[in-house]
Structures are given as structure tokens and as C-alpha cells.
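I have placed the structure first, in the form of C-alpha cells, so that the comments after it can refer back to it.
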Amino acid sequence: MPKASPTKAERAAQLRALVEHHLYRYHVLDEPEVSDAEYDRLFDELKTLEDANPELATSDSPTRRVGAPPSPKFVKVAHLSEMGSLEKVNTDEGLLKWAEDVRKRLGTDEFVRYVTEPKIDGSAVALVYEDGVFARGATRGDGLRGEDVTANLRTIRAILPRMILAEDEPAPPVLEVRGEVYMPLVGFRRLNERFTREGKKAAPNPRNAAAGSLRQLNPGVTAERPLSIWVHGLGHHEGLSIEGHWDALGWLRGRGFRTNPHAERHDSIEAVAEICREWERRRIDLDYEIDGLVVKVDSFEQQDRLGALHGRPRWARAYKWAPMTAQTKLVRINIRVGRTGNLNPWAQLEPVEVGGVTVSTATLHNQEDINRKDIREGDTVIVQRAGDVIPQVVGPVLPHEARTKPFRMPRSCPLCGAEIVKPEGEAMHRCPNSKCESRGLETLIHWVGAAMDIEGVGEQLVRRLWREGIVASMPDLYRLTKERLMELDGYGEISASNAVDAIARSCERPFHRVLFGLNIPQVGWVTAQNLARHFGSIDRLAGASQEDIQEVDGIGPDRAEAIAEWFSDESNRTLVNELRSLGLRLEAGDEERARKGPLTGSTYVITGTLEGWSRDAAQAALEELGGKVSNSVSSKTTGVIAGENPGSKLAKAQRAGVPILSEQDLAALLGRG
Ligand code: IVH
């Protein structure tokens, strides 16, 4: 008998299971099995089926995550067991003192293992599963009673509506799971951008954003917020025999709960201290905010014996660092004229601690960015360090202080007074004066840093040398002596000679770095490499016409003109000659001449006369695609290109079994066949 097609109820159940399964793969495991389109198809089929047959819809259906109807207010619910809080420590000493106390209470000869895990800066929740089904969820509240936010929690895709159980595994009748709902940093930034655009108050940090999103009366709003969860422990539970926290995390993970991958188990408190220090550095690599590590005694039996004091377990501590966002006053918006003449606005802040570092300046990008965020001098602003080290101003804490006014870029250059321009379609305002004082200093900073990467010689030293009138150009840097440097405060014999040596060693840097360092308009890192490869030396480049320069990859007429113009300036030619006499490399080495392309890694030999090409043209064309051309045949030769009247190289290639290519083959290889 052919199998009967499933009833609507069966199909709905099947679809619910499928959608849940794929949500789990995607949001919990990060390993999707199907495309987004395939997932959408399943979801839409389920939604259509349930809409047409409301009696089939279940309260735990994944379609419910789009948001239940708004509720007038949250109902208070009692937690099944108290949701305590954590006692903090801020130092290694505090941590060791706690471990000592634990040992004393348990008996000094007892072995204690610890589990560490990130302390997520989010909003604590308790999730209750009845017979394996998510029944209720609440915020922490006062620890005994919280707010019922079940409808909102159902919108979070990383929360399973049903635990994953093995076929013969009985569902625990009641299970309370504890976790932290949080907002990933990317989502937080986007949300704040949106808030600012809409004239709403920006959330000061991801924790506030998560808590606020979770406490929306309309679950439809929560559904649009990028929330996720890390589950970090068991609350009340019945019918489980698990011996410790580490095993509990493993058990939860196996049942489909999203547990943090950075939890670790340690055999000593010294190892715990070390990992706490390590994560203070590593935390900026995470895409969510953590404000410390939680340290827990692993064994449940030991936990029970240690007990709690005023709702704070003696078996756990939060090792906390300083937060990564902070509020402070924006004193002034200053302008720095960059090496290319761009006006870079930056925020002068009242110093504030952000993530263990005192911050007094932050970047502001450009006028558009300032307008979009509506940042004004005198505002209280949110400063953030995340992912990268340069602090950012997230936005103002609205409303603006009284008497603040929107920021405007200056009309004239703060350094040379030239009239500021803003080219059509560009985001940056510019000082058009190529002799503007700022350019010299900024070029030097660029030279020692991004371009030549001179160890131990950074922006601060360059600024001092500039201020003291010791160094005003790149050649001055190479004439700097140890004795002269030692005249500066803080420079002794060793530090001065290290700096001078590092400067001297930079003469060995390849030609394209020198080109990049010269600060020729519109010559960035990639263009410098292309120019070095194409022309091979500064003299060939300096002698090239605008048309010649335009032949280089990615260089249009405007850029070619700017480059040619730079070389036609007498003072620039003098600069180049000075650098030459000081020993800097103004010719490309073999490495630089070779380029990456489809023929990278292959070596050709040309023999005989080619009809349609000069030898040089064929070589240039092969090199253009990344290939190399060599004079002699060896085991490394990829192919020999043989023209009319080939020499002995052809015979050698035949003996060595190296492929022989005709001129037609060459044309095909170069894509011109
Ligand atoms: S365990 C008795 N583990 O930090 C409390 N808490 O003050 C045991 N938190 O509200 C909590 N990450 O929500 C634990 N990995 C983690 C955590 C964590 C964040 C929160 C928790 C609690 C607060 C403690």
C-alpha cells in the first residue's frame, strides 16, 4: 500500500520540527545545513498552514517568535529557586584570598577544581522547561521574583522552544536554566545608528540595549532586536544526576542550549588567575561585551557545602575588569590636518576610564559622521573601545546640553589659513595647500609608521623632534645622530643608539615602501606597489609622462596627472635626490617586480624570434600576469616558448621533457589568442 500523505496536523508538526532543527543549527551551533532560502520556504509553509488552520498552531511554534500581541504590563513570577548574584573581585589578590577561604571551609586537604567562563554583560534570565518544552521565562528582578518575559524570549532564535532529547531519554519534568541575554556588538552599533537617525536616545552600552529590548511590552519590537543568549547554568532541576558545573554545561550543550565555547576547567587557582589576565586582553576579539570572568567551584557537592551569604554563593566570584564603554563630556571638536590635506575631526574628551585605559581623545571621522550622530561640543557622549583600539564616540546622551550648537567644519585651514575645499562626492574636507605646515609633520609620521615601519620611532618622538626643530624632513631623520637624540629628555645612550640604528636599517626597506612614504597625492599602498612593479625605478617613474603613468593598473587620468605633477615639482626632485644620497632604495628588487596573477609560480623561457612580439614585450606581458621569464631551461621551467630559429634551449627543453609552446600558444596563454 502506498504510504498515505501526512495529515495537515502531521505536516505542521513535521515542519515545526524541521524549522526548529535548522534554527538550532544556525543560531546555536553556527553550522547551517540548508540555505536561507530553503529555511524560508519551510518557515513560510508552516506559517501558511497555521494561518489557515489556527487550531494547528501550538504555543511553542517557531512562527510565534515573530511576536505575540503586546501586553499592558509584565506579570511578576516567582523563580523556582533564588537567582543570586555574584561577589566581585578586581585583583589577583582578591581571587587568591577567596580561594583560601574556600579551602578553609572545605578542609585544606580537599582538591578543588574551578570552571571559568566569560561574564556576559547582558541581562540575566531564568528559563523554565516543563517536560522538555519551554514554558516560561523571567528576568532576574529582585532574585526571588522577576518579570514574566516569555513572549519576548520566544522571539530569540537561540532559545529552543523544545529541548533536544535522545529517543529513549525522558524529559526532566521541570528544569530551570539560567543564562544571559545579550546583544552582539555589531547589532548594538546598528541599533544605535538607527536610534540616532530617528532622533532617539542612543543606548549607552550593549547591556542596556539588551535589557531594554527584553523588557519591551510589544514582543514585535523585541523580535526586531538582534538578541542572543549564552546559557551558563542550571537552576532548579529534578531527576538529573550531574556531579558538577562542568558536566552541567556539557549536558546543556547536548540538549541544544547555547553554552559559551570559552568555558574552561582548571586544577589550580593560579591557572584561574592567569586565564583572567589573558582574557582582559582577548576580550576585544569577541563580538559581544564581557566585563570579566566568572569563576565557579566545579563540584556541586562542594558548592552545597559552601552555601551562600545573602544570595551570593560562596562557591563563585566575578573577576571584573573596567567596562569598555563609558560616558564623558565632549570638551571640544578639534581638527587635525592629515598628510594628504584631509581635515580629520577628533574629540577632545574629559578623561575617562574605558576598559582599563584612560581615554581623552576619540576619532570622529568627518562632518557627515558628526551630523549623522548629531554630536556637539559640550555634549555628554558615549565613548567606546571595542574590536579595535582607537576609541570611538558612539553618540551623545540626548538631549543635548543647553546652548550647544551643531558642529561645522572651519572655512579656512587652522594651520595655514588656506580656504578649505570639499570635492563633490567626497566625504572629507581638505586643505588644498600642498605646502601647508601640517603636511610635513604628518608625512614624517606616515614615513616612520605605516610606510617604513621604523621600530621604536613613533609619532610621539617625531612630534618632539619636529617641535624642537631637529627634524623637519625625511632626510633630516637619516642625518640624526645618537648625540643629538640624547639631548632629548628620556633618551639615554642605549635608547638613542637603538633608534638611530633602526632608522639606518630602514634604508633596506623595498622601493615600494619608499614610494608609499613619499606621500605623493593619491598613491596608497597598492598603487605604490603597482608603480614600483611597472616602472622598476624612481628615475623611470619621474621621467614618465601622464600617459605612461596611466598605463599602470588602476590609475586613471586624474591620479596620473597628480603623480606627474608631484615629480615636476623642483623641491620634490631635490627630496628624492637627497634620499638617494642617503642610501634609500629607489629601485625595485626582484620580488617587487614579480606580480601576482594567473601565472604566479610559473617560469617561462623564450627562444628564437617571435613574429608578433619583441622579446621585451612578451616578457612584460608574461610578468604582467604574474609569470617569470628566465634565460635558461631547468627543472623549474614551466614551458619554453619557441619562435623562429630557436637555439639550443629548445633541444635542452625537449630532452628535459619541458613543454614547448608556439607563438599561438603564447597568445592563448596571454588571453589574446
Ligand atoms: S553564574 C549566583 N555565569 O552576572 C549567580 N552569571 O552578579 C550565579 N552573568 O546576574 C551566576 N555571565 O546573570 C553566571 N557566565 C556567567 C555569567 C553570569 C553573566 C551574570 C548573571 C548574574 C550576574 C552576577
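Starting from 1 in every chain, residues are counted up; chains themselves are A, B, ... following the order of the C-alpha cells, and ligands are numbered from 1 as listed.
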**Message:** Can you pull out every residue with an atom within 6 Å of ligand 1? Use only C-alpha atoms and all ligand atoms and format it as a VMD selection string.
**Reply:** chain A and resid 83 to 86 117 to 120 124 180 232 294 312 to 313
Selection from above, C-alpha atoms, as a PDB file, in the first residue's frame, can you write it?
ATOM      1  CA  MET A  83      18.609  33.856  41.352  1.00  0.00           C
ATOM      2  CA  GLY A  84      21.570  35.033  43.341  1.00  0.00           C
ATOM      3  CA  SER A  85      24.230  37.492  42.356  1.00  0.00           C
ATOM      4  CA  LEU A  86      27.981  37.329  42.382  1.00  0.00           C
ATOM      5  CA  GLU A 117      33.632  31.360  31.756  1.00  0.00           C
ATOM      6  CA  PRO A 118      33.090  34.806  30.284  1.00  0.00           C
ATOM      7  CA  LYS A 119      30.932  37.092  32.365  1.00  0.00           C
ATOM      8  CA  ILE A 120      28.481  38.260  29.761  1.00  0.00           C
ATOM      9  CA  ALA A 124      20.044  37.660  33.386  1.00  0.00           C
ATOM     10  CA  GLU A 180      22.370  35.853  29.948  1.00  0.00           C
ATOM     11  CA  HIS A 232      25.512  29.408  31.921  1.00  0.00           C
ATOM     12  CA  VAL A 294      33.015  34.128  36.359  1.00  0.00           C
ATOM     13  CA  ARG A 312      25.709  35.456  46.949  1.00  0.00           C
ATOM     14  CA  PRO A 313      27.201  31.988  46.565  1.00  0.00           C
TER      15      PRO A 313
END
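Within the 10 Å cut-off around range 140-148 of chain A, using only C-alpha atoms and omitting residues fewer than 5 positions from it on the same chain, the listed residues are Lys73, Phe74, Val75, Lys76, Val77, Ala78, His79, Leu80, Ser81, Glu82, Met83, Gly84, Ser85, Ser123, Ala124, Val125, Ala126, Leu153, Arg178, Arg215 and Gly311 of chain A.
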**Request:** Any chance you could list, as a PyMOL selection string, the residues in range 546-620 of chain A that come up alpha helix (DSSP H) when DSSP is run on the backbone?
**Result:** chain A and resi 546-550+557-568+570-581+590-593+615-620
For the residues selected in the previous step, produce a file with N, CA, C and O atoms as a compact mmCIF listing (two decimals), in the first residue's frame.
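That gives us result.txt:
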# COMPACT_ATOMS: atom_id res chain seq x y z
N GLN A 546 52.29 61.67 -18.21
CA GLN A 546 50.98 61.31 -17.65
C GLN A 546 50.40 60.09 -18.37
O GLN A 546 49.84 59.20 -17.74
N GLU A 547 50.59 60.05 -19.68
CA GLU A 547 50.06 58.92 -20.47
C GLU A 547 50.74 57.62 -20.05
O GLU A 547 50.10 56.59 -19.91
N ASP A 548 52.08 57.69 -19.88
CA ASP A 548 52.81 56.48 -19.45
C ASP A 548 52.25 55.97 -18.13
O ASP A 548 52.05 54.77 -17.93
N ILE A 549 52.02 56.91 -17.22
CA ILE A 549 51.59 56.52 -15.87
C ILE A 549 50.19 55.89 -15.92
O ILE A 549 49.88 54.95 -15.20
N GLN A 550 49.39 56.42 -16.82
CA GLN A 550 48.03 55.90 -16.94
C GLN A 550 47.97 54.44 -17.36
O GLN A 550 46.94 53.79 -17.24
N PRO A 557 43.20 59.05 -15.35
CA PRO A 557 43.83 60.32 -15.74
C PRO A 557 44.12 61.26 -14.56
O PRO A 557 45.20 61.85 -14.49
N ASP A 558 43.16 61.37 -13.62
CA ASP A 558 43.36 62.32 -12.52
C ASP A 558 44.56 61.94 -11.67
O ASP A 558 45.39 62.77 -11.32
N ARG A 559 44.61 60.67 -11.35
CA ARG A 559 45.69 60.20 -10.49
C ARG A 559 47.03 60.33 -11.22
O ARG A 559 48.04 60.75 -10.65
N ALA A 560 47.02 59.95 -12.50
CA ALA A 560 48.26 60.03 -13.29
C ALA A 560 48.75 61.48 -13.32
O ALA A 560 49.95 61.75 -13.18
N GLU A 561 47.83 62.41 -13.47
CA GLU A 561 48.21 63.82 -13.53
C GLU A 561 48.81 64.27 -12.20
O GLU A 561 49.86 64.93 -12.18
N ALA A 562 48.17 63.84 -11.10
CA ALA A 562 48.66 64.24 -9.78
C ALA A 562 50.08 63.70 -9.56
O ALA A 562 50.94 64.40 -9.00
N ILE A 563 50.32 62.48 -10.02
CA ILE A 563 51.65 61.86 -9.81
C ILE A 563 52.70 62.60 -10.65
O ILE A 563 53.77 62.98 -10.14
N ALA A 564 52.37 62.83 -11.92
CA ALA A 564 53.32 63.53 -12.81
C ALA A 564 53.62 64.92 -12.26
O ALA A 564 54.77 65.37 -12.27
N GLU A 565 52.59 65.57 -11.75
CA GLU A 565 52.77 66.92 -11.22
C GLU A 565 53.71 66.92 -10.01
O GLU A 565 54.55 67.78 -9.85
N TRP A 566 53.53 65.89 -9.16
CA TRP A 566 54.38 65.80 -7.97
C TRP A 566 55.86 65.74 -8.39
O TRP A 566 56.71 66.42 -7.83
N PHE A 567 56.14 64.94 -9.41
CA PHE A 567 57.54 64.78 -9.83
C PHE A 567 58.07 66.00 -10.58
O PHE A 567 59.27 66.17 -10.71
N SER A 568 57.16 66.84 -11.08
CA SER A 568 57.65 68.02 -11.80
C SER A 568 58.02 69.14 -10.83
O SER A 568 58.65 70.11 -11.22
N GLU A 570 60.17 70.99 -8.29
CA GLU A 570 61.62 71.01 -8.03
C GLU A 570 61.96 70.50 -6.61
O GLU A 570 62.88 69.71 -6.44
N SER A 571 61.16 70.94 -5.62
CA SER A 571 61.51 70.55 -4.25
C SER A 571 61.33 69.04 -4.04
O SER A 571 62.06 68.43 -3.27
N ASN A 572 60.39 68.46 -4.76
CA ASN A 572 60.22 67.01 -4.63
C ASN A 572 61.39 66.27 -5.27
O ASN A 572 61.84 65.23 -4.77
N ARG A 573 61.88 66.81 -6.39
CA ARG A 573 63.04 66.17 -7.04
C ARG A 573 64.26 66.24 -6.13
O ARG A 573 65.03 65.28 -6.01
N THR A 574 64.42 67.38 -5.46
CA THR A 574 65.54 67.52 -4.53
C THR A 574 65.42 66.49 -3.40
O THR A 574 66.40 65.85 -3.02
N LEU A 575 64.19 66.34 -2.90
CA LEU A 575 63.95 65.38 -1.83
C LEU A 575 64.38 63.98 -2.26
O LEU A 575 65.09 63.27 -1.54
N VAL A 576 63.97 63.59 -3.48
CA VAL A 576 64.31 62.26 -3.98
C VAL A 576 65.83 62.11 -4.07
O VAL A 576 66.39 61.09 -3.65
N ASN A 577 66.50 63.14 -4.57
CA ASN A 577 67.96 63.04 -4.71
C ASN A 577 68.66 62.95 -3.36
O ASN A 577 69.63 62.21 -3.21
N GLU A 578 68.13 63.68 -2.40
CA GLU A 578 68.72 63.59 -1.05
C GLU A 578 68.57 62.19 -0.49
O GLU A 578 69.49 61.64 0.09
N LEU A 579 67.38 61.62 -0.70
CA LEU A 579 67.14 60.26 -0.17
C LEU A 579 68.06 59.27 -0.87
O LEU A 579 68.57 58.33 -0.26
N ARG A 580 68.31 59.52 -2.15
CA ARG A 580 69.21 58.63 -2.90
C ARG A 580 70.61 58.69 -2.27
O ARG A 580 71.21 57.66 -1.99
N SER A 581 71.08 59.91 -2.00
CA SER A 581 72.45 60.02 -1.48
C SER A 581 72.54 59.47 -0.06
O SER A 581 73.61 59.11 0.40
N ASP A 590 63.83 42.08 -7.23
CA ASP A 590 63.16 41.01 -8.00
C ASP A 590 61.76 40.73 -7.48
O ASP A 590 60.82 40.58 -8.23
N GLU A 591 61.66 40.64 -6.14
CA GLU A 591 60.38 40.33 -5.51
C GLU A 591 59.30 41.31 -5.92
O GLU A 591 58.17 40.95 -6.19
N GLU A 592 59.70 42.60 -5.95
CA GLU A 592 58.72 43.63 -6.25
C GLU A 592 58.32 43.64 -7.71
O GLU A 592 57.21 44.02 -8.05
N ARG A 593 59.25 43.23 -8.55
CA ARG A 593 58.94 43.24 -9.98
C ARG A 593 57.94 42.15 -10.32
O ARG A 593 57.14 42.29 -11.22
N ARG A 615 61.01 40.54 -27.81
CA ARG A 615 61.29 39.72 -26.64
C ARG A 615 60.83 40.44 -25.36
O ARG A 615 60.20 39.85 -24.49
N ASP A 616 61.14 41.75 -25.28
CA ASP A 616 60.77 42.53 -24.09
C ASP A 616 59.26 42.58 -23.88
O ASP A 616 58.77 42.48 -22.75
N ALA A 617 58.54 42.75 -25.01
CA ALA A 617 57.07 42.86 -24.89
C ALA A 617 56.48 41.55 -24.39
O ALA A 617 55.58 41.54 -23.54
N ALA A 618 57.00 40.43 -24.90
CA ALA A 618 56.50 39.12 -24.46
C ALA A 618 56.78 38.93 -22.97
O ALA A 618 55.92 38.49 -22.21
N GLN A 619 58.01 39.32 -22.60
CA GLN A 619 58.39 39.18 -21.19
C GLN A 619 57.48 40.04 -20.29
O GLN A 619 56.96 39.56 -19.29
N ALA A 620 57.27 41.29 -20.70
CA ALA A 620 56.43 42.19 -19.90
C ALA A 620 55.02 41.64 -19.78
O ALA A 620 54.40 41.69 -18.71
**Message:** Applying 12 Å and only C-alpha atoms, which residues near range 421-432 of chain A remain after dropping the ones on its own chain fewer than 2 positions away? List them as an NGL selection string.
**Reply:** :A and (335-345 or 364-371 or 408-419 or 434-439 or 521)
**Complete:** A straight line from CA of Thr380 in chain A to CA of Lys329 in chain A spans 4.4 Å
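Scanning range 489-669 of chain A with DSSP on the backbone, the strand (DSSP E) assignments fall on Thr603, Tyr604, Val605, Ile606, Thr607, Lys628, Val629, Ser630, Gly639, Val640, Ile641, Ala642, Ile660 and Leu661 of chain A.
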What does the file look like for those residues with N, CA, C and O atoms, as a tab-separated table (two decimals), in the first residue's frame?
chain	number	residue	atom	x	y	z
A	603	THR	N	57.40	29.75	-14.62
A	603	THR	CA	58.59	30.37	-15.22
A	603	THR	C	58.70	29.93	-16.68
A	603	THR	O	58.60	28.73	-16.96
A	604	TYR	N	58.88	30.90	-17.56
A	604	TYR	CA	58.98	30.58	-18.99
A	604	TYR	C	60.35	30.97	-19.51
A	604	TYR	O	61.02	31.86	-18.98
A	605	VAL	N	60.74	30.28	-20.57
A	605	VAL	CA	61.98	30.63	-21.27
A	605	VAL	C	61.57	30.94	-22.71
A	605	VAL	O	60.75	30.23	-23.29
A	606	ILE	N	62.13	32.03	-23.26
A	606	ILE	CA	61.79	32.39	-24.64
A	606	ILE	C	63.02	32.12	-25.51
A	606	ILE	O	64.14	32.53	-25.16
A	607	THR	N	62.80	31.45	-26.63
A	607	THR	CA	63.94	31.21	-27.53
A	607	THR	C	63.49	31.44	-28.97
A	607	THR	O	62.33	31.22	-29.31
A	628	LYS	N	57.16	34.48	-14.53
A	628	LYS	CA	58.56	34.92	-14.55
A	628	LYS	C	59.16	34.48	-15.86
A	628	LYS	O	58.74	33.48	-16.45
A	629	VAL	N	60.18	35.21	-16.33
A	629	VAL	CA	60.87	34.80	-17.55
A	629	VAL	C	62.33	34.61	-17.19
A	629	VAL	O	62.94	35.46	-16.55
A	630	SER	N	62.85	33.45	-17.59
A	630	SER	CA	64.23	33.15	-17.23
A	630	SER	C	65.02	32.88	-18.51
A	630	SER	O	64.45	32.65	-19.57
A	639	GLY	N	57.51	26.16	-19.17
A	639	GLY	CA	57.39	25.94	-20.61
A	639	GLY	C	58.40	26.76	-21.36
A	639	GLY	O	58.87	27.79	-20.85
A	640	VAL	N	58.77	26.30	-22.56
A	640	VAL	CA	59.68	27.07	-23.40
A	640	VAL	C	58.89	27.59	-24.59
A	640	VAL	O	58.20	26.82	-25.28
A	641	ILE	N	58.95	28.91	-24.81
A	641	ILE	CA	58.23	29.49	-25.94
A	641	ILE	C	59.21	29.59	-27.11
A	641	ILE	O	60.23	30.30	-27.00
A	642	ALA	N	58.90	28.85	-28.15
A	642	ALA	CA	59.86	28.76	-29.25
A	642	ALA	C	59.36	29.52	-30.47
A	642	ALA	O	58.27	29.28	-30.96
A	660	ILE	N	56.81	22.53	-24.87
A	660	ILE	CA	57.21	23.55	-25.84
A	660	ILE	C	55.95	24.29	-26.28
A	660	ILE	O	54.95	23.66	-26.65
A	661	LEU	N	56.02	25.63	-26.25
A	661	LEU	CA	54.85	26.42	-26.66
A	661	LEU	C	55.18	27.19	-27.93
A	661	LEU	O	56.29	27.73	-28.06
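The shell of residues at most 10 Å from Phe111 in chain A, with only C-alpha atoms counted and near chain neighbours (fewer than 3 positions) removed, consists of Arg103, Leu106, Gly107, Thr108, Asp267 and Ser268 of chain A.
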Listing only residues of range 215-326 of chain A within 6 Å of range 154-177 of chain A, what is the closest atom pair and its distance in Å (to one decimal) for each, using only C-alpha atoms, sorted by chain and residue number ascending, as JSON lines?
{"residue": "A:Ala223", "atom": "CA", "partner": "A:Thr155", "partner_atom": "CA", "distance": 5.0}
{"residue": "A:Ser228", "atom": "CA", "partner": "A:Ala158", "partner_atom": "CA", "distance": 5.8}
{"residue": "A:Leu234", "atom": "CA", "partner": "A:Val177", "partner_atom": "CA", "distance": 4.7}
{"residue": "A:Gly235", "atom": "CA", "partner": "A:Glu176", "partner_atom": "CA", "distance": 4.7}
{"residue": "A:His236", "atom": "CA", "partner": "A:Glu176", "partner_atom": "CA", "distance": 5.0}
{"residue": "A:His237", "atom": "CA", "partner": "A:Leu175", "partner_atom": "CA", "distance": 4.6}
{"residue": "A:Arg255", "atom": "CA", "partner": "A:Ile164", "partner_atom": "CA", "distance": 4.6}
{"residue": "A:Gly256", "atom": "CA", "partner": "A:Ile164", "partner_atom": "CA", "distance": 5.6}
Once you have the residues from the selection above, write them out as a PDB file, in the first residue's frame, restricted to N, CA and C atoms.
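Written file, selection-v2.pdb:
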ATOM      1  N   ALA A 223      11.396  41.224  18.765  1.00  0.00           N
ATOM      2  CA  ALA A 223      11.722  40.326  17.647  1.00  0.00           C
ATOM      3  C   ALA A 223      12.666  40.998  16.654  1.00  0.00           C
ATOM      4  N   SER A 228      20.691  37.541  21.526  1.00  0.00           N
ATOM      5  CA  SER A 228      21.052  36.129  21.592  1.00  0.00           C
ATOM      6  C   SER A 228      21.203  35.755  23.064  1.00  0.00           C
ATOM      7  N   LEU A 234      22.487  25.639  35.595  1.00  0.00           N
ATOM      8  CA  LEU A 234      21.194  25.057  35.949  1.00  0.00           C
ATOM      9  C   LEU A 234      20.643  25.798  37.151  1.00  0.00           C
ATOM     10  N   GLY A 235      19.338  26.015  37.161  1.00  0.00           N
ATOM     11  CA  GLY A 235      18.684  26.493  38.370  1.00  0.00           C
ATOM     12  C   GLY A 235      18.035  25.268  38.998  1.00  0.00           C
ATOM     13  N   HIS A 236      16.773  25.419  39.376  1.00  0.00           N
ATOM     14  CA  HIS A 236      16.043  24.287  39.941  1.00  0.00           C
ATOM     15  C   HIS A 236      15.973  23.143  38.922  1.00  0.00           C
ATOM     16  N   HIS A 237      16.271  21.923  39.376  1.00  0.00           N
ATOM     17  CA  HIS A 237      16.119  20.797  38.448  1.00  0.00           C
ATOM     18  C   HIS A 237      15.711  19.544  39.196  1.00  0.00           C
ATOM     19  N   ARG A 255      21.761  19.166  25.017  1.00  0.00           N
ATOM     20  CA  ARG A 255      20.304  19.270  24.911  1.00  0.00           C
ATOM     21  C   ARG A 255      19.898  20.459  24.044  1.00  0.00           C
ATOM     22  N   GLY A 256      20.888  21.105  23.415  1.00  0.00           N
ATOM     23  CA  GLY A 256      20.561  22.174  22.464  1.00  0.00           C
ATOM     24  C   GLY A 256      20.659  23.574  23.016  1.00  0.00           C
TER      25      GLY A 256
END
Per residue of range 203-282 of chain A within 12 Å of range 17-30 of chain A, record the nearest atom pair and its distance in Å to one decimal, counting only C-alpha atoms, with rows in chain order and ascending residue number, as a Markdown table.
| residue | atom | partner | partner_atom | distance |
| --- | --- | --- | --- | --- |
| A:Pro226 | CA | A:His27 | CA | 11.6 |
| A:Leu227 | CA | A:His27 | CA | 10.8 |
| A:Ser228 | CA | A:His27 | CA | 8.4 |
| A:Ile229 | CA | A:Val28 | CA | 9.2 |
| A:Trp230 | CA | A:Val28 | CA | 9.4 |
| A:Val231 | CA | A:Val28 | CA | 10.7 |
| A:Leu252 | CA | A:Val28 | CA | 11.8 |
| A:Arg253 | CA | A:Val28 | CA | 9.2 |
| A:Gly254 | CA | A:Leu29 | CA | 10.8 |
| A:Arg255 | CA | A:Tyr24 | CA | 10.7 |
| A:Gly256 | CA | A:Tyr24 | CA | 7.1 |
| A:Phe257 | CA | A:Val28 | CA | 7.2 |
| A:Arg258 | CA | A:Val28 | CA | 5.3 |
| A:Thr259 | CA | A:Val28 | CA | 8.4 |
| A:Asn260 | CA | A:Val28 | CA | 10.0 |
| A:Pro261 | CA | A:Leu29 | CA | 10.4 |
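Proximity ranking of A:Leu488, A:Val462, A:Ala135, A:Val397 relative to Lys200 in chain A places A:Val397 first, based on only C-alpha atoms.
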**Request:** Choose the residue, out of A:Arg265, A:Arg314, A:Lys47, A:Arg190, that has the smallest atom-to-atom separation from Glu100 in chain A; count only C-alpha atoms.
**Result:** A:Arg314
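Rounded to one decimal, CA of Ala472 in chain A and CA of Ala504 in chain A lie 17.3 Å from each other.
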Need to verify the contact set: Glu55 in chain A, 12 Å, only C-alpha atoms, exclusion of same-chain residues closer than 3 positions in sequence. Can you return it as an mmCIF file with N, CA, C and O atoms, in the first residue's frame?
data_model
loop_
_atom_site.group_PDB
_atom_site.id
_atom_site.type_symbol
_atom_site.label_atom_id
_atom_site.label_comp_id
_atom_site.auth_asym_id
_atom_site.auth_seq_id
_atom_site.Cartn_x
_atom_site.Cartn_y
_atom_site.Cartn_z
ATOM 1 N N LYS A 8 -2.747 17.343 7.744
ATOM 2 C CA LYS A 8 -2.260 18.703 7.969
ATOM 3 C C LYS A 8 -1.569 18.820 9.325
ATOM 4 O O LYS A 8 -0.542 19.474 9.469
ATOM 5 N N ALA A 9 -2.161 18.157 10.317
ATOM 6 C CA ALA A 9 -1.580 18.231 11.659
ATOM 7 C C ALA A 9 -0.194 17.596 11.667
ATOM 8 O O ALA A 9 0.751 18.131 12.274
ATOM 9 N N ALA A 12 2.228 19.895 9.895
ATOM 10 C CA ALA A 12 2.577 21.054 10.726
ATOM 11 C C ALA A 12 3.614 20.648 11.768
ATOM 12 O O ALA A 12 4.611 21.355 11.985
ATOM 13 N N LEU A 49 0.213 27.247 6.696
ATOM 14 C CA LEU A 49 -0.602 26.153 7.209
ATOM 15 C C LEU A 49 -1.277 26.544 8.528
ATOM 16 O O LEU A 49 -2.467 26.319 8.738
ATOM 17 N N GLU A 50 -0.508 27.179 9.411
ATOM 18 C CA GLU A 50 -1.063 27.567 10.709
ATOM 19 C C GLU A 50 -2.078 28.703 10.577
ATOM 20 O O GLU A 50 -3.084 28.717 11.279
ATOM 21 N N ASP A 51 -1.787 29.625 9.659
ATOM 22 C CA ASP A 51 -2.723 30.737 9.479
ATOM 23 C C ASP A 51 -4.076 30.239 8.977
ATOM 24 O O ASP A 51 -5.132 30.707 9.399
ATOM 25 N N ALA A 52 -4.009 29.233 8.074
ATOM 26 C CA ALA A 52 -5.251 28.709 7.503
ATOM 27 C C ALA A 52 -5.970 27.790 8.485
ATOM 28 O O ALA A 52 -7.185 27.600 8.414
ATOM 29 N N THR A 58 0.651 25.760 17.738
ATOM 30 C CA THR A 58 0.950 25.462 19.140
ATOM 31 C C THR A 58 1.632 26.673 19.757
ATOM 32 O O THR A 58 2.191 27.506 19.041
ATOM 33 N N SER A 59 1.616 26.727 21.085
ATOM 34 C CA SER A 59 2.184 27.912 21.742
ATOM 35 C C SER A 59 3.699 27.965 21.540
ATOM 36 O O SER A 59 4.305 29.027 21.612
#
**Message:** Can you tell me which residues surround Val500 in chain A at a distance of at most 8 Å, considering only C-alpha atoms, apart from same-chain residues fewer than 6 positions away, and format the answer as number ranges by chain?
**Reply:** A: 480-482
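Note that CA of Glu611 in chain A and CA of Pro646 in chain A are 12.6 Å apart.
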